[in-house]
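A.B. asks: Below you will find the structure I want to go over with you.
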Amino acid sequence: MDGMNTYVKPSTGLNPFEDSTFSHSSRAMAPGNYRYPEPKSPLRRQVHAPSRILKNGLSPTTRQIGRDRSTPQVSGNAFGAFLTCNYDILKQSTLDLSLRYRTDKEVIDVDDELRDVEMISDDTSMEGEFVENVAMEVDEEEEKENGLSSEVFNLKNGRLMVDDGSQANSSLVLKRPVNDVSSFEAYRKIIDSAENRISKLKDKGFGGFVIQRCRALLRSLISFFKQDEEPVEDVQREAFLPVSREEEIAVKRSFSANNNVNILVTHEDSNIDITGKILSCLEPGEWLNDEVINLYLVLLKEREAREPKKFLKCHFFNTFFFTKLVNTGTGYNYSAVRRWTSVKRLGYRLIDCDKIFIPIHMNIHWTLAVINIKDQKFQYLDSFKGREPQILDALARYFVDEVRDKSELDIDLSRWSQEFVQDLPMQKNGFDCGMFMLKYIDFYSRGLDLCFTQEQMPYFRVRTAKEILQLKAE
């Protein structure tokens, strides 16, 4: 038309901006007379871009494509042609660069099975490339509030997605896969992510709970190792504490004939007097008597009361108990010893103990019987490795009667066993049986194995005399 601009339609090439020309007449245009070309949609192209997420996690376009994957959705965005032509370049740059969208964009959360779904957007101001394999949806409000960058794991495809951006106010970050998770940078970012999550838990009050649980676990582990290693070494060392020169001299002085009738010490609770003659049974080559054995057992019980955590809870019968329980004339007689173990007298019941020690005197030989409640055994220890099953039978019968009488329980001993201990130190003479018996009791009450020998008996004799003179077992 004369006097007007003539509009020439664009060619049918891929780029809508190519070959666009305008011809002008030689005459000037009348003012106000303009004619714009009729709007015409360019070619529809596929554009990979963010799309708003609905409550169900997918956009309307995604659901439509999920139902009919054969009909791709396209966008009216002219920039789509450029993205289509440069797909490979854009994809590689997405993997290598950390571009960001504007803060008004939202996170796209797409399952792996919908990885190839095309998104539609009418926004012509795209500032980044499409997102592939987004791992988790970032909470936008929390991200803005805390100012933290997000490092997430893609739990579905097993790859680590790292956000290496620096802006804290961006709600959408391109996450690129890190193939070398052993690299220092990836490791550092994982540590930073863990610290960020821990800080969030602390803000919610969960950190204190975790710390308390960790401290409790640490204390239990420390107590376990201390109980399993250090105390055993300390207790074993205490079982062989050396006797000083002054203490040895005091023991030898008490053995002198001048002290035969003199009372050296008196234990008031047990009403036992120790004279020089009585104590002299601890000299080398002598047989131990009832007074020394019974007083030493009383001192062992007092030692346990002083340090209950270091020693097992035990009961120590004296040397007269078994002869009262089993008399050669009348046989087994529980009523003869029934009142020996009243709760009023002891302050505890025998069933609450770990071990019960019963000295056995067989004419001229000392042995030991143990009711091992902790391990459910009846044990017999003889430094000559003798066996006396009738003694253990009588003690089993006594234990049933005792528990029924004091605790009103019928204990089942069908799973208990009898043990004649064979792996134990043996005496090599005819006079140390009493000393061996006391050391069996001493070491078992400490929770130790019987780790001594015949060669240490002279030392144990001096130490036992010293402890009796001090009225304190160590």
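Chain lettering (A, B, ...) mirrors the order of the structure tokens, residue numbering begins at 1 for each chain separately, and ligand numbering begins at 1 in order of display.
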Give the strand (DSSP E or B) residues of segment 351-426 of chain A, as DSSP finds them on the backbone, and put them as an MDAnalysis selection string.

C.D. replies: chainID A and resid 355:362 365:372 377:381 417:420

A.B. asks: For Val337 of chain A, work out the shell of residues within 8 Å, counting only C-alpha atoms and skipping chain neighbours fewer than 4 positions away, then give it as a PyMOL selection string.

C.D. replies: chain A and resi 321+324-325+333+341

A.B. asks: Please save N, CA and C atoms of the selected residues as a JSON list (two decimals), in the first residue's frame.

C.D. replies:
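Writing the result to again_36.json gives the following:
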[["chain", "number", "residue", "atom", "x", "y", "z"],
["A", 321, "PHE", "N", 30.30, -74.33, 110.55],
["A", 321, "PHE", "CA", 29.00, -74.43, 109.91],
["A", 321, "PHE", "C", 28.73, -75.83, 109.36],
["A", 324, "LYS", "N", 28.01, -78.54, 111.80],
["A", 324, "LYS", "CA", 26.68, -78.43, 112.38],
["A", 324, "LYS", "C", 25.62, -78.89, 111.39],
["A", 325, "LEU", "N", 25.79, -78.59, 110.15],
["A", 325, "LEU", "CA", 24.81, -78.96, 109.13],
["A", 325, "LEU", "C", 24.78, -80.46, 108.90],
["A", 333, "ASN", "N", 21.06, -81.88, 108.98],
["A", 333, "ASN", "CA", 20.17, -81.26, 109.95],
["A", 333, "ASN", "C", 20.11, -79.76, 109.68],
["A", 341, "THR", "N", 21.51, -67.63, 109.58],
["A", 341, "THR", "CA", 21.42, -66.73, 108.41],
["A", 341, "THR", "C", 20.13, -65.92, 108.41]]

A.B. asks: Compare A:Leu282, A:Val326, A:Leu264, A:Val462 by their minimum atom-to-atom distance to Arg245 of chain A, counting only C-alpha atoms, and give me the closest one.

C.D. replies: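 Ranked by minimum distance to Arg245 of chain A, first place goes to A:Val462.
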
A.B. asks: Please provide the set of residues having any atom within 7 Å of Phe357 of chain A, restricted to only C-alpha atoms, with same-chain residues fewer than 2 positions apart removed, written as a list in words.

C.D. replies: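 Once the nearby chain positions are removed, what remains is His315, Phe316, Phe317, Lys355, Pro359, Ala369, Val370 and Ile371 of chain A.
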
A.B. asks: Counting only C-alpha atoms, figure out which residue out of A:Cys314, A:Leu241, A:Ile360, A:Ile468 gets nearest to Ile274 of chain A.

C.D. replies: A:Ile468

A.B. asks: Pick the closest to Glu238 of chain A from A:His267, A:Arg306, A:Arg463, A:Arg338: which is it, counting only C-alpha atoms?

C.D. replies: A:Arg463

A.B. asks: Atom CA of Val235 of chain A and atom CA of Gln418 of chain A, how far apart in Å?

C.D. replies: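 Computed distance, atom CA of Gln418 of chain A to atom CA of Val235 of chain A, equals 27.7 Å.
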
A.B. asks: Pick from A:Lys439, A:Lys374, A:Arg339, A:Arg446: nearest to Tyr459 of chain A, with only C-alpha atoms counted?

C.D. replies: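 Answer, going by the shortest atom-to-atom distance: A:Lys439.
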
A.B. asks: With only C-alpha atoms as the basis for distance, which of A:Ile198, A:Leu471, A:Leu312, A:Val292 is at the shortest distance from Asp442 of chain A?

C.D. replies: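 Under the stated criterion, the closest residue is A:Leu312.
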
A.B. asks: From the options A:Gln236, A:Ser445, A:Ser256, A:Ser383, which residue's atoms come nearest to Ile278 of chain A, counting only C-alpha atoms?

C.D. replies: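 Of A:Gln236, A:Ser445, A:Ser256, A:Ser383, the one nearest Ile278 of chain A is A:Ser256, counting only C-alpha atoms.
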
A.B. asks: Using only C-alpha atoms, determine which residues lie at most 12 Å from Ala239 of chain A, disregarding the query and same-chain residues fewer than 2 positions distant; provide the list as a PDB file with C-alpha atoms, in the first residue's frame.

C.D. replies:
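Wrote part_11.pdb, looks like this:
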ATOM      1  CA  VAL A 232      41.239 -56.450  87.100  1.00  0.00           C
ATOM      2  CA  GLU A 233      44.843 -55.329  86.903  1.00  0.00           C
ATOM      3  CA  ASP A 234      44.475 -53.218  90.058  1.00  0.00           C
ATOM      4  CA  VAL A 235      42.750 -55.977  92.014  1.00  0.00           C
ATOM      5  CA  GLN A 236      45.315 -58.524  90.883  1.00  0.00           C
ATOM      6  CA  ARG A 237      48.093 -56.176  91.905  1.00  0.00           C
ATOM      7  CA  LEU A 241      50.952 -56.119  97.673  1.00  0.00           C
ATOM      8  CA  PRO A 242      54.442 -56.321  99.136  1.00  0.00           C
ATOM      9  CA  VAL A 243      54.998 -56.443 102.873  1.00  0.00           C
ATOM     10  CA  LYS A 439      43.670 -67.893  99.199  1.00  0.00           C
ATOM     11  CA  TYR A 440      40.998 -69.716  97.186  1.00  0.00           C
ATOM     12  CA  ILE A 441      38.414 -67.685  99.079  1.00  0.00           C
ATOM     13  CA  ASP A 442      40.384 -64.440  98.821  1.00  0.00           C
ATOM     14  CA  PHE A 443      40.911 -64.622  95.061  1.00  0.00           C
ATOM     15  CA  TYR A 444      37.383 -65.807  94.267  1.00  0.00           C
ATOM     16  CA  SER A 445      35.890 -62.971  96.314  1.00  0.00           C
ATOM     17  CA  ARG A 446      37.948 -60.548  94.230  1.00  0.00           C
ATOM     18  CA  GLY A 447      36.586 -62.071  91.030  1.00  0.00           C
ATOM     19  CA  LEU A 448      40.072 -63.310  90.094  1.00  0.00           C
ATOM     20  CA  ASP A 449      41.349 -66.589  88.796  1.00  0.00           C
ATOM     21  CA  LEU A 450      43.540 -68.620  91.106  1.00  0.00           C
ATOM     22  CA  CYS A 451      46.814 -67.152  89.878  1.00  0.00           C
ATOM     23  CA  PHE A 452      49.225 -68.062  92.675  1.00  0.00           C
ATOM     24  CA  GLN A 456      54.124 -67.736  97.331  1.00  0.00           C
ATOM     25  CA  TYR A 459      54.574 -64.473 101.606  1.00  0.00           C
ATOM     26  CA  PHE A 460      50.837 -65.144 102.120  1.00  0.00           C
ATOM     27  CA  ARG A 463      50.703 -60.985 104.903  1.00  0.00           C
ATOM     28  CA  THR A 464      47.766 -62.784 106.571  1.00  0.00           C
ATOM     29  CA  ALA A 473      42.175 -57.256 105.049  1.00  0.00           C
ATOM     30  CA  GLU A 474      43.598 -55.563 101.977  1.00  0.00           C
TER      31      GLU A 474
END
